[in-house]
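Engineer: Structure file coords_30.txt, compact mmCIF, C-alpha atoms, is pasted below:
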# COMPACT_ATOMS: atom_id res chain seq x y z
CA MET M 1 2.21 5.32 22.64
CA GLU M 2 -0.38 5.13 25.44
CA LYS M 3 -3.17 6.07 23.04
CA LEU M 4 -1.90 3.47 20.54
CA LEU M 5 -2.03 0.76 23.22
CA GLN M 6 -5.55 1.82 24.23
CA ASP M 7 -6.70 1.61 20.61
CA MET M 8 -5.14 -1.82 20.29
CA GLY M 9 -6.90 -3.04 23.41
CA SER M 10 -10.30 -1.92 22.14
CA ASN M 11 -9.81 -3.49 18.72
CA LEU M 12 -8.38 -6.92 19.53
CA GLY M 13 -10.90 -8.77 17.37
CA PHE M 14 -10.21 -6.57 14.38
CA LEU M 15 -6.45 -6.84 14.94
CA GLY M 16 -6.74 -10.63 15.05
CA SER M 17 -8.44 -10.64 11.65
CA VAL M 18 -5.78 -8.28 10.31
CA ALA M 19 -3.00 -10.59 11.54
CA VAL M 20 -4.61 -13.55 9.77
CA ILE M 21 -4.96 -11.63 6.49
CA ILE M 22 -1.35 -10.41 6.68
CA ALA M 23 -0.19 -13.98 7.25
CA ILE M 24 -2.23 -15.21 4.26
CA ILE M 25 -0.77 -12.51 2.00
CA PHE M 26 2.75 -13.39 3.16
CA VAL M 27 2.20 -17.12 2.54
CA LEU M 28 0.85 -16.39 -0.95
CA ALA M 29 3.89 -14.21 -1.68
CA LYS M 30 6.21 -16.93 -0.39
CA LEU M 31 4.49 -19.58 -2.51
CA ALA M 32 4.71 -17.41 -5.62
CA GLU M 33 8.36 -16.72 -4.89
CA HIS M 34 9.08 -20.45 -4.60
CA PHE M 35 8.16 -20.94 -8.26
CA LEU M 36 9.91 -17.83 -9.56
CA PRO M 37 13.19 -18.59 -11.32
CA ASN M 38 14.78 -15.20 -10.73
CA SER M 39 14.22 -14.35 -7.08
CA ARG M 40 17.41 -13.10 -5.45
CA ARG M 41 18.55 -15.46 -2.69
CA VAL M 42 19.74 -12.88 -0.18
CA LYS M 43 19.54 -14.14 3.38
CA GLY M 44 20.57 -13.30 6.90
CA THR M 45 21.63 -9.92 8.21
CA ARG M 46 21.96 -8.31 4.77
CA ARG M 47 18.37 -9.18 3.85
CA ILE M 48 17.07 -7.86 7.18
CA THR M 49 19.08 -4.65 6.77
CA ILE M 50 17.76 -3.97 3.27
CA ILE M 51 14.15 -4.59 4.29
CA SER M 52 14.56 -2.39 7.38
CA ILE M 53 16.06 0.53 5.44
CA CYS M 54 13.30 0.40 2.83
CA ALA M 55 10.60 0.10 5.51
CA ALA M 56 11.97 3.13 7.37
CA ILE M 57 11.98 5.24 4.19
CA ALA M 58 8.49 3.98 3.34
CA ALA M 59 7.18 4.90 6.81
CA ILE M 60 8.49 8.45 6.43
CA LEU M 61 6.87 8.77 3.00
CA HIS M 62 3.64 7.37 4.45
CA ILE M 63 3.63 10.01 7.19
CA LEU M 64 4.22 12.71 4.56
CA ASP M 65 0.89 12.02 2.87
CA PHE M 66 -1.18 14.87 1.44
CA PRO M 67 -4.69 15.41 0.05
CA LEU M 68 -5.55 16.29 -3.53
CA LEU M 69 -8.54 18.46 -2.73
CA PHE M 70 -9.46 19.09 -6.37
CA ILE M 71 -9.91 15.33 -6.86
CA ALA M 72 -11.11 13.83 -3.57
CA PRO M 73 -12.23 14.84 -0.04
CA GLU M 74 -9.58 15.68 2.53
CA PHE M 75 -9.79 12.31 4.30
CA TYR M 76 -8.32 10.69 1.17
CA LYS M 77 -4.55 11.14 1.23
CA LEU M 78 -1.95 10.42 -1.43
CA ASP M 79 1.47 9.08 -0.50
CA PHE M 80 4.34 7.39 -2.31
CA SER M 81 5.28 4.89 0.41
CA GLU M 82 4.97 1.96 -2.02
CA LEU M 83 8.07 3.22 -3.87
CA PRO M 84 10.68 1.91 -1.39
CA VAL M 85 8.60 -1.25 -0.94
CA MET M 86 8.66 -1.78 -4.70
CA LEU M 87 12.41 -1.16 -4.87
CA CYS M 88 12.93 -3.67 -2.05
CA GLY M 89 10.76 -6.23 -3.85
CA PHE M 90 12.49 -5.70 -7.19
CA TYR M 91 15.75 -6.61 -5.48
CA LEU M 92 14.70 -9.29 -2.98
CA GLY M 93 11.37 -10.65 -4.22
CA PRO M 94 7.66 -10.63 -3.22
CA SER M 95 7.94 -11.97 0.33
CA ALA M 96 10.46 -9.30 1.29
CA ALA M 97 8.11 -6.64 -0.10
CA VAL M 98 5.22 -7.92 2.05
CA VAL M 99 7.41 -7.82 5.15
CA CYS M 100 8.58 -4.32 4.19
CA GLU M 101 4.97 -3.18 3.70
CA ALA M 102 3.97 -4.55 7.11
CA LEU M 103 6.98 -2.96 8.83
CA LYS M 104 6.12 0.34 7.16
CA ILE M 105 2.70 0.30 8.80
CA LEU M 106 4.12 -0.68 12.21
CA LEU M 107 6.73 2.09 12.09
CA LYS M 108 4.11 4.63 11.05
CA LEU M 109 1.91 3.57 13.99
CA LEU M 110 4.81 3.92 16.42
CA LEU M 111 5.77 7.34 15.07
CA LYS M 112 2.34 8.84 14.47
CA GLY M 113 -0.27 6.51 15.91
CA THR M 114 -3.61 5.91 14.23
CA SER M 115 -6.45 8.30 13.57
CA THR M 116 -8.72 5.63 12.09
CA ALA M 117 -8.68 2.89 14.78
CA PHE M 118 -6.32 0.89 12.50
CA VAL M 119 -8.88 0.63 9.67
CA GLY M 120 -7.02 3.03 7.37
CA ASP M 121 -3.68 1.45 8.24
CA PHE M 122 -4.98 -2.01 7.40
CA ALA M 123 -6.43 -0.68 4.13
CA ASN M 124 -3.11 0.92 3.22
CA PHE M 125 -1.33 -2.41 3.72
CA VAL M 126 -3.82 -4.47 1.70
CA VAL M 127 -4.16 -1.97 -1.13
CA GLY M 128 -0.39 -1.48 -1.24
CA CYS M 129 0.13 -5.23 -1.58
CA SER M 130 -2.45 -5.33 -4.37
CA MET M 131 -0.08 -3.22 -6.48
CA VAL M 132 3.28 -4.49 -5.30
CA LEU M 133 2.76 -8.25 -5.51
CA PRO M 134 1.48 -8.51 -9.13
CA ALA M 135 4.22 -6.16 -10.32
CA LEU M 136 6.95 -8.15 -8.58
CA ILE M 137 5.69 -11.56 -9.67
CA VAL M 138 5.67 -10.49 -13.33
CA TYR M 139 9.12 -8.89 -13.02
CA HIS M 140 10.74 -11.88 -11.34
CA ILE M 141 9.42 -14.34 -13.94
CA LYS M 142 12.01 -12.91 -16.33
CA LYS M 143 13.91 -9.86 -15.19
CA SER M 144 14.04 -7.23 -17.91
CA ARG M 145 12.98 -3.67 -18.54
CA ALA M 146 9.97 -4.95 -20.51
CA THR M 147 8.71 -7.22 -17.72
CA ALA M 148 9.28 -4.42 -15.20
CA ILE M 149 7.07 -2.12 -17.29
CA TRP M 150 4.41 -4.79 -17.80
CA GLY M 151 4.47 -5.71 -14.12
CA LEU M 152 4.12 -2.11 -12.97
CA ALA M 153 1.31 -1.54 -15.46
CA LEU M 154 -0.52 -4.63 -14.17
CA GLY M 155 0.07 -3.53 -10.58
CA THR M 156 -1.37 -0.10 -11.33
CA VAL M 157 -4.48 -1.61 -12.93
CA ILE M 158 -5.03 -3.98 -10.00
CA LEU M 159 -4.38 -1.20 -7.48
CA THR M 160 -6.95 0.99 -9.20
CA ALA M 161 -9.59 -1.74 -9.52
CA PHE M 162 -9.09 -3.54 -6.21
CA GLY M 163 -8.40 -0.39 -4.18
CA SER M 164 -11.54 1.28 -5.48
CA ALA M 165 -13.75 -1.77 -4.91
CA PHE M 166 -12.21 -2.23 -1.45
CA ASN M 167 -13.20 1.35 -0.61
CA ALA M 168 -16.78 0.86 -1.74
CA LEU M 169 -17.35 -2.54 -0.14
CA TYR M 170 -15.31 -2.33 3.06
CA LEU M 171 -13.46 0.88 3.88
CA LEU M 172 -16.25 3.45 3.44
CA PRO M 173 -18.90 1.33 5.23
CA LYS M 174 -16.42 0.77 8.08
CA PHE M 175 -15.72 4.49 8.34
CA ALA M 176 -19.46 5.21 8.31
CA GLU M 177 -19.90 2.71 11.14
CA MET M 178 -17.10 4.12 13.27
CA PHE M 179 -16.68 7.81 12.51
CA MET M 180 -19.30 9.64 10.45
CA PRO M 181 -22.60 8.87 8.70
CA MET M 182 -22.39 7.73 5.11
CA GLU M 183 -24.40 10.79 4.10
CA ALA M 184 -21.63 13.02 5.46
CA ILE M 185 -18.96 11.04 3.60
CA ILE M 186 -20.89 11.28 0.33
CA GLY M 187 -21.59 14.96 1.04
CA ALA M 188 -17.85 15.65 1.28
CA GLY M 189 -17.51 14.24 -2.23
CA THR M 190 -20.51 16.21 -3.50
CA ALA M 191 -18.86 19.42 -2.29
CA ILE M 192 -16.06 18.74 -4.79
CA HIS M 193 -18.02 17.07 -7.61
CA SER M 194 -21.72 17.86 -7.75
CA SER M 195 -22.50 14.63 -9.61
CA ILE M 196 -21.55 12.47 -6.61
CA ASP M 197 -24.68 11.11 -4.95
CA SER M 198 -23.74 7.59 -3.81
CA VAL M 199 -20.86 5.45 -2.55
CA TRP M 200 -20.11 4.10 -6.01
CA SER M 201 -20.14 7.52 -7.68
CA LEU M 202 -17.78 8.77 -4.93
CA VAL M 203 -15.46 5.86 -5.64
CA LEU M 204 -15.60 6.19 -9.43
CA ILE M 205 -15.11 9.96 -9.50
CA CYS M 206 -12.68 10.39 -6.59
CA VAL M 207 -11.00 7.12 -5.59
CA VAL M 208 -10.32 5.70 -9.06
CA PRO M 209 -8.35 8.79 -10.24
CA LEU M 210 -6.47 8.97 -6.92
CA ASN M 211 -5.40 5.31 -7.13
CA LEU M 212 -4.49 5.72 -10.78
CA ILE M 213 -2.32 8.76 -10.03
CA LYS M 214 -0.57 6.88 -7.23
CA GLY M 215 0.03 3.78 -9.35
CA ILE M 216 1.42 5.74 -12.29
CA ALA M 217 3.62 7.94 -10.07
CA VAL M 218 5.07 4.97 -8.15
CA SER M 219 5.65 3.09 -11.41
CA LEU M 220 7.47 5.98 -13.07
CA LEU M 221 9.61 6.65 -10.01
CA THR M 222 10.47 2.95 -9.70
CA MET M 223 11.63 2.81 -13.32
CA LEU M 224 13.59 6.03 -12.87
CA LEU M 225 15.28 5.17 -9.57
CA TYR M 226 15.79 1.40 -9.37
CA LYS M 227 19.00 1.12 -11.35
CA ARG M 228 20.31 4.34 -9.79
CA VAL M 229 19.72 3.37 -6.15
CA ALA M 230 20.03 -0.43 -6.25
CA ARG M 231 23.83 -0.50 -6.18
CA PRO M 232 24.49 2.14 -3.46
CA LEU M 233 21.45 1.22 -1.34
CA PHE M 234 21.51 -2.56 -1.54
CA SER M 235 25.22 -3.30 -1.84
CA LEU M 236 25.67 -3.19 1.91
Since I need it in another form, could you write the structure as structure tokens?
Structural biologist:
Amino acid sequence: MEKLLQDMGSNLGFLGSVAVIIAIIFVLAKLAEHFLPNSRRVKGTRRITIISICAAIAAILHILDFPLLFIAPEFYKLDFSELPVMLCGFYLGPSAAVVCEALKILLKLLLKGTSTAFVGDFANFVVGCSMVLPALIVYHIKKSRATAIWGLALGTVILTAFGSAFNALYLLPKFAEMFMPMEAIIGAGTAIHSSIDSVWSLVLICVVPLNLIKGIAVSLLTMLLYKRVARPLFSL
């Protein structure tokens, strides 16, 4: 906790920008939800309880991340923490999912702290929302198995495209600025795939497949589990 507070104190400007971006994402989700005909109007204690349960499960899954060393360098980790966030959003709507995603990050920070001066945590939130929000908006336009599939497919595509571009344009340069030279980052990719010789080749060869795997896995698990867990988990 002490280390977490020290990191926060040294990154107040960055944290301020993060807070603004989180607020913008939440407002956009709330606006989209306002025009959706099929958002579930669950309010009060029950809504808070559902979001909290899903955020706690998501935080645990986030902590249990793991590398896929045959695809990407060790500093890229795969986790399935968007699954409970997606389940929460399927039931309650986009704004609840954004709150759940933010709580997931806060719980993870309290339990484990940060090893990336909050940069990786911020990236996880933004990239997670890039999958969750499109999927939920499509699903809540007309709730059906077909719209769920189309929404998850769209979310996976946007996760893969946005998450990969976000790595190339923001995340990797920020890591190079704070932790290790860009040459070392690219070199870690070259050690796995000899054709990697630039930021964009690292992203295309390593990050794109990793994001695609995550999007497909979360989508399949959501389709498999939602009907099975919605009644026992959300009928509180």
Engineer: Any idea what the distance is between CA of Cys206 in chain M and CA of Phe70 in chain M?
Structural biologist: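 CA of Cys206 in chain M sits 9.3 Å away from CA of Phe70 in chain M.
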Engineer: In Å to one decimal, how far is CA of Ile196 in chain M from CA of Phe122 in chain M?
Structural biologist: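 Going from CA of Phe122 in chain M over to CA of Ile196 in chain M, I get 26.1 Å.
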Engineer: Counting only C-alpha atoms, which residues sit no farther than 9 Å from the position (-2.8, 14.7, -0.4) in the file's frame? I'd like them as a PyMOL selection string.
Structural biologist: chain M and resi 64-69+72+74-79
Engineer: Measuring atom to atom with only C-alpha atoms, identify which of M:Ala19, M:Leu36, M:Ala96, M:Ala161 is nearest to Tyr139 in chain M.
Structural biologist: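 Of M:Ala19, M:Leu36, M:Ala96, M:Ala161, the one nearest Tyr139 in chain M, counting only C-alpha atoms, is M:Leu36.
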Engineer: Restricting the calculation to all atoms listed in the file: of M:Ile22, M:Val127, M:Leu28, M:Val207, which residue gets closest to Ser164 in chain M?
Structural biologist: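 Checking each candidate against Ser164 in chain M, we get M:Val207 as the closest.
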Engineer: Using only C-alpha atoms, can you tell me which of M:Tyr170, M:Leu87, M:Ala148, M:Met180 comes closest to Arg228 in chain M?
Structural biologist: M:Leu87
Engineer: Which is closest to Val229 in chain M among M:Cys88, M:Ala117, M:Ile205, M:Ala188, if we use all atoms listed in the file?
Structural biologist: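 Closest to Val229 in chain M of all the choices is M:Cys88.
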Engineer: Taking only C-alpha atoms into account, produce a table as JSON lines in which each residue of range 91-129 of chain M with an atom at most 7 Å from an atom of range 50-58 of chain M appears once, together with its shortest atom pair and the distance in Å to one decimal, ordered by chain and rising number.
Structural biologist:
{"residue": "M:Ala96", "atom": "CA", "partner": "M:Ile51", "partner_atom": "CA", "distance": 6.7}
{"residue": "M:Cys100", "atom": "CA", "partner": "M:Ala55", "partner_atom": "CA", "distance": 5.0}
{"residue": "M:Glu101", "atom": "CA", "partner": "M:Ala55", "partner_atom": "CA", "distance": 6.8}
{"residue": "M:Leu103", "atom": "CA", "partner": "M:Ala55", "partner_atom": "CA", "distance": 5.8}
{"residue": "M:Lys104", "atom": "CA", "partner": "M:Ala55", "partner_atom": "CA", "distance": 4.8}
Engineer: Please, what distance in Å, to one decimal, runs between CA of Ile158 in chain M and CA of Ile137 in chain M?
Structural biologist: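 Taking CA of Ile158 in chain M as the start and CA of Ile137 in chain M as the end point, the length is 13.1 Å.
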Engineer: M:Ser95, M:Leu221, M:Thr156, M:His34: which is nearest Arg47 in chain M, counting only C-alpha atoms?
Structural biologist: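 Distance minimum relative to Arg47 in chain M lands on M:Ser95.
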Engineer: So that I can check the surroundings of Phe125 in chain M, please list as a PyMOL selection string every protein, DNA and RNA residue that reaches within 12 Å of it, counting only C-alpha atoms and ignoring chain neighbours fewer than 6 positions away.
Structural biologist: chain M and resi 18-19+21-22+25-26+58-59+62+81-82+85+97-106+108+118-119+131-133+159+163
Engineer: For a quick check of understanding, using all atoms listed in the file, which of M:Val42, M:Ala184, M:Leu111, M:Ala23 has the smallest distance to Gly93 in chain M?
Structural biologist: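 With all atoms listed in the file as the atom set, the closest residue is M:Val42.
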Engineer: Considering all atoms listed in the file, return as a list in words whatever protein or nucleic-acid residues lie within 10 Å of Met182 in chain M, sequence-local ones (same chain, fewer than 5 positions apart) excluded.
Structural biologist: Leu172, Pro173, Lys174, Phe175, Ala176, Glu177, Gly187, Ala188, Ser198 and Val199 of chain M
